[in-house]
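First up is the structure itself, then whatever we jot down about it.
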Amino acid sequence: MTQRTTEQNAATLSSTGGRPLRRRPQKVGLVISNKMDKTIVVAVERLKMHPLYKKTYRQTKHFYAHDENNICQIGDIVRIEECRPLSKLKRWRLIEVIKRGSGVVPVEQVLGQEITSELERVQQGAGQVVLGGQREQQAEEGAE
């Protein structure tokens, strides 16, 4: 029995370059940003208990992770694993995408795009287009 475990340990050490095999910490979280090239920001939430009041509360931490193929989208649930430092903030790498997000764009982004496109039209039309249905009133005032 000891002979077999010694052989297994020797095989493990030889396959890892003489170092003992160590499992690295993994976390599961939600992708909240993918605007950088080959980098995602993952929000990992955990429940923590207050030491004095014994109330559980949620604590969210953001981790920068390496996404080699840029496959992650906002809203995906992913598994990340700790690795060597890749940059100033990146110390995690993407292992797998557990669940794809819905692909729905947040309302703030849609509204922001509509407002900017409306402002561009206003600038091009020299103030002829007015937001919010006041176009008729402006046309009547212009006729007088």
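Residue names in the structure tokens use chain letters A, B, ... in the order shown, residue numbers from 1 in each chain, and ligand numbers from 1 in the order shown.
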
Residues near Val31 in chain A, anyone? I mean within 6 Å using only C-alpha atoms, not counting same-chain ones fewer than 4 positions away, as a short mmCIF file (atom, residue, chain, number, x, y, z; two decimals) with N, CA and C atoms, in the first residue's frame.
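In the end it all went to part-v2.cif:
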```cif
data_model
loop_
_atom_site.label_atom_id
_atom_site.label_comp_id
_atom_site.auth_asym_id
_atom_site.auth_seq_id
_atom_site.Cartn_x
_atom_site.Cartn_y
_atom_site.Cartn_z
N VAL A 41 -14.65 41.81 -16.10
CA VAL A 41 -14.79 42.11 -14.68
C VAL A 41 -15.92 41.24 -14.17
N VAL A 42 -15.61 40.45 -13.14
CA VAL A 42 -16.57 39.49 -12.59
C VAL A 42 -16.93 39.92 -11.18
N ILE A 74 -21.80 40.57 -21.14
CA ILE A 74 -22.34 41.06 -19.87
C ILE A 74 -23.55 40.20 -19.50
N GLY A 75 -23.60 39.77 -18.25
CA GLY A 75 -24.70 38.94 -17.76
C GLY A 75 -24.39 37.46 -17.71
N ASP A 76 -23.25 37.04 -18.26
CA ASP A 76 -22.87 35.62 -18.21
C ASP A 76 -22.47 35.24 -16.79
#
```

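Residue nearest Gly29 in chain A, chosen from A:Ile77, A:Leu86, A:Ile95, A:Leu47 and counting only C-alpha atoms: A:Ile77.
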
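Restricting the calculation to only C-alpha atoms, the smallest distance between His62 in chain A and any of A:Ala43, A:Glu81, A:Thr116, A:Ser102 is found for A:Ala43.
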
> DSSP on the backbone: what in range 33-62 of chain A comes out strand (DSSP E or B), as a ChimeraX atom specification?
Replying inline: /A:33-36,39-49,56-62

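Interatomic distance, CA of Val28 in chain A against CA of Arg79 in chain A: 4.5 Å.
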
> Using only C-alpha atoms, which of A:Leu52, A:Leu89, A:Ile71, A:Val97 sits nearest Lys27 in chain A?
Replying inline: A:Val97

> CA of Pro25 in chain A to CA of Phe63 in chain A: how many Å, to one decimal?
Replying inline: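 Separation of CA of Pro25 in chain A and CA of Phe63 in chain A: 13.0 Å.
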
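Take CA of Ile98 in chain A and CA of Val44 in chain A: the distance between them is 13.9 Å.
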